[in-house]
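A quick write-up on the structure given underneath.
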Amino acid sequence: MVVSDFFSPAYLTFGPGMLWKRSDRLNINIAPSTARYSFVNDDFSGEFGVDEDSNTAFSLGFNLSGLYKFTLMDNIEMENILTMYSDYLNDVGNVDVDYQTNISFKVNKSIKMQMTFQTVIDDNASSSVQFREMFGLGLNYNFHQKVTY
């Protein structure tokens with residue numbers, strides 16, 4: 001059973017708001033009139049909050065997002081991103097929550113590692129809580145040294 005597909009669903013969210021930025025490591029964005037479009041392909045029409053025989057859904061609501069980044073120890077950084085959205089047009093009391101934690105490790109100048117943990121609560125996408133984990137390992141190599149004059 002296929003649960004989703006490439007860009008099904010895909011979300012586009014934008015709206016005017018206010019950004020409180022204490023530093024590059026801490027900020028909160030409040031957007032009281034945020035437009036959100038949901039896109040699906042023909043196979044998923046009628047799912048993810050999109051009406052049957054349609055590929056898009058529009059909602060207007062309140063969006064609150066925040067970022068908090070800090071250093072756990074030397075060469076290890078942790079980034080927390082929280083986004084909450086409530087739709088004015090359909091179900092005002094229902095809040096979609098997306099919480100993501102990124103942990104970056106710099107092993108040495110050539111090797112970097114990243115772990116991502118994400119939790120999504122969205123009644124339109126699923127009736128249960130969704131979890132995602134990702135592990136990435138990267139090799140860095142400089143092909144030439146930067147020359148400054």
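We name chains A, B, ... following the order of the structure tokens; residues begin at 1 in each chain, and ligands are numbered from 1 as shown.
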- Write out as a ChimeraX atom specification all residues of stretch 18-137 of chain A that backbone DSSP assigns to strand (DSSP E). /A:18-23,26-39,56-73,76-87,95-106,111-121,130-137
- Task: Tell me, as a list of chain:residue names, which residues lie within 8 Å of stretch 104-118 of chain A, counting only C-alpha atoms; anything in the same chain fewer than 2 positions away does not count.
- Result: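 Listed by chain and then number, they are A:Asn75, A:Ile76, A:Glu77, A:Met78, A:Asp98, A:Tyr99, A:Gln100, A:Thr101, A:Asn102, A:Val120, A:Phe131, A:Arg132, A:Glu133, A:Met134, A:Phe135, A:Gly136, A:Leu137, A:Gly138, A:Leu139, A:Asn140, A:Tyr141.
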For the residues in that selection, give me C-alpha atoms as a CSV table (one decimal), in the first residue's frame.
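selection15.csv was written with the following content:
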chain,number,residue,atom,x,y,z
A,75,ASN,CA,32.1,20.0,17.3
A,76,ILE,CA,28.4,19.0,18.1
A,77,GLU,CA,25.6,21.4,17.5
A,78,MET,CA,21.9,20.9,18.1
A,98,ASP,CA,6.0,20.0,13.1
A,99,TYR,CA,9.0,19.6,15.4
A,100,GLN,CA,12.4,18.9,14.1
A,101,THR,CA,15.7,18.3,15.8
A,102,ASN,CA,19.0,18.4,13.9
A,120,VAL,CA,4.6,15.7,12.7
A,131,PHE,CA,8.0,10.2,13.0
A,132,ARG,CA,11.0,10.5,10.7
A,133,GLU,CA,14.7,9.8,11.4
A,134,MET,CA,17.6,10.5,9.1
A,135,PHE,CA,21.3,9.8,9.4
A,136,GLY,CA,23.8,11.4,7.1
A,137,LEU,CA,27.5,11.0,6.7
A,138,GLY,CA,29.5,13.4,4.5
A,139,LEU,CA,33.0,13.5,3.1
A,140,ASN,CA,34.4,16.9,2.5
A,141,TYR,CA,37.3,17.5,0.1
Counting only C-alpha atoms, which residues in stretch 39-78 of chain A sit no more than 9 Å from stretch 27-31 of chain A? For each one, give the nearest pair of atoms and the distance in Å, sorted by chain then residue number, as CSV.
residue,atom,partner,partner_atom,distance
A:Gly61,CA,A:Ala31,CA,8.5
A:Phe62,CA,A:Ala31,CA,6.0
A:Asn63,CA,A:Ala31,CA,5.1
A:Leu64,CA,A:Ile30,CA,4.8
A:Ser65,CA,A:Asn29,CA,5.2
A:Gly66,CA,A:Ile28,CA,4.2
A:Leu67,CA,A:Asn27,CA,5.4
A:Tyr68,CA,A:Asn27,CA,6.9
Keeping N, CA and C atoms, export the residues of the selection given above as a compact mmCIF listing (two decimals), in the first residue's frame.
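To be explicit, this is the file written out as again-v6.txt:
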# COMPACT_ATOMS: atom_id res chain seq x y z
N GLY A 61 -4.59 30.69 7.79
CA GLY A 61 -4.54 30.48 9.23
C GLY A 61 -3.40 31.20 9.91
N PHE A 62 -3.14 30.77 11.13
CA PHE A 62 -2.13 31.35 12.01
C PHE A 62 -0.92 30.44 12.03
N ASN A 63 0.27 31.00 11.81
CA ASN A 63 1.50 30.22 11.80
C ASN A 63 2.46 30.78 12.85
N LEU A 64 2.99 29.89 13.69
CA LEU A 64 3.98 30.26 14.70
C LEU A 64 5.16 29.32 14.52
N SER A 65 6.35 29.89 14.36
CA SER A 65 7.53 29.04 14.20
C SER A 65 8.68 29.62 15.01
N GLY A 66 9.54 28.73 15.44
CA GLY A 66 10.68 29.15 16.23
C GLY A 66 11.88 28.28 15.97
N LEU A 67 13.06 28.85 16.22
CA LEU A 67 14.33 28.16 16.04
C LEU A 67 15.18 28.40 17.26
N TYR A 68 15.79 27.34 17.77
CA TYR A 68 16.75 27.46 18.87
C TYR A 68 17.91 26.53 18.57
- Message: Show me, as a list of chain:residue names, the residues that have an atom within 9 Å of A:Ala10 when counting only C-alpha atoms, minus same-chain residues fewer than 3 positions from it.
- Response: A:Phe6, A:Phe7, A:Tyr37, A:Ser38, A:Phe39, A:Val40
Next, dump the selected residues to file, keeping only N, CA, C and O atoms, as a tab-separated table (two decimals), in the first residue's frame.
chain	number	residue	atom	x	y	z
A	6	PHE	N	6.28	11.22	-4.46
A	6	PHE	CA	7.11	12.40	-4.59
A	6	PHE	C	6.24	13.65	-4.74
A	6	PHE	O	5.40	13.72	-5.64
A	7	PHE	N	6.40	14.61	-3.86
A	7	PHE	CA	5.62	15.85	-3.81
A	7	PHE	C	4.12	15.58	-3.66
A	7	PHE	O	3.30	16.38	-4.09
A	37	TYR	N	-0.97	26.25	0.82
A	37	TYR	CA	-1.46	25.43	-0.29
A	37	TYR	C	-0.94	24.01	-0.11
A	37	TYR	O	0.24	23.82	0.18
A	38	SER	N	-1.81	23.04	-0.30
A	38	SER	CA	-1.43	21.63	-0.27
A	38	SER	C	-1.58	21.09	-1.68
A	38	SER	O	-2.60	21.31	-2.33
A	39	PHE	N	-0.58	20.37	-2.15
A	39	PHE	CA	-0.58	19.82	-3.51
A	39	PHE	C	-0.44	18.30	-3.45
A	39	PHE	O	0.36	17.78	-2.66
A	40	VAL	N	-1.19	17.60	-4.27
A	40	VAL	CA	-1.06	16.15	-4.43
A	40	VAL	C	-1.21	15.80	-5.91
A	40	VAL	O	-1.74	16.59	-6.69
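Remark: for A:Phe44, the closest of the candidate residues A:Ser4, A:Asn94, A:Thr119, A:Ser126 is A:Ser4 (distances computed over only C-alpha atoms).
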- Quick one: distance from atom CA of A:Val3 to atom CA of A:Gln130 in Å, one decimal?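 Computing the Euclidean distance for atom CA of A:Val3 and atom CA of A:Gln130 yields 12.1 Å.
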- For stretch 54-56 of chain A, please output as JSON, numbers by chain all residues within 12 Å (counting only C-alpha atoms; exclusion window: fewer than 2 positions along the same chain). {"A": [7, 8, 9, 10, 11, 12, 36, 37, 38, 39, 40, 41, 42, 43, 44, 45, 46, 47, 48, 49, 50, 51, 52, 58, 59]}
- Query: What gap, in Å, lies between atom CA of A:Tyr85 and atom CA of A:Asp5?
  - Reply: 23.0 Å
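The space between atom CA of A:Val2 and atom CA of A:Ile121 spans 19.7 Å.
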- Considering only C-alpha atoms, state which residue in the set A:Ser86, A:Ser23, A:Ser127, A:Thr71 is at the smallest distance from A:Ala35. A:Ser86
- Message: Considering only C-alpha atoms, can you say which of A:Leu26, A:His144, A:Ile103, A:Thr13 comes closest to A:Asp87?
- Response: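 Of A:Leu26, A:His144, A:Ile103, A:Thr13, the one nearest A:Asp87 is A:Thr13, counting only C-alpha atoms.
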- Taking into account only C-alpha atoms, which residue in the set A:Ala57, A:Val147, A:Val129, A:Met18 is nearest to A:Leu89? A:Ala57
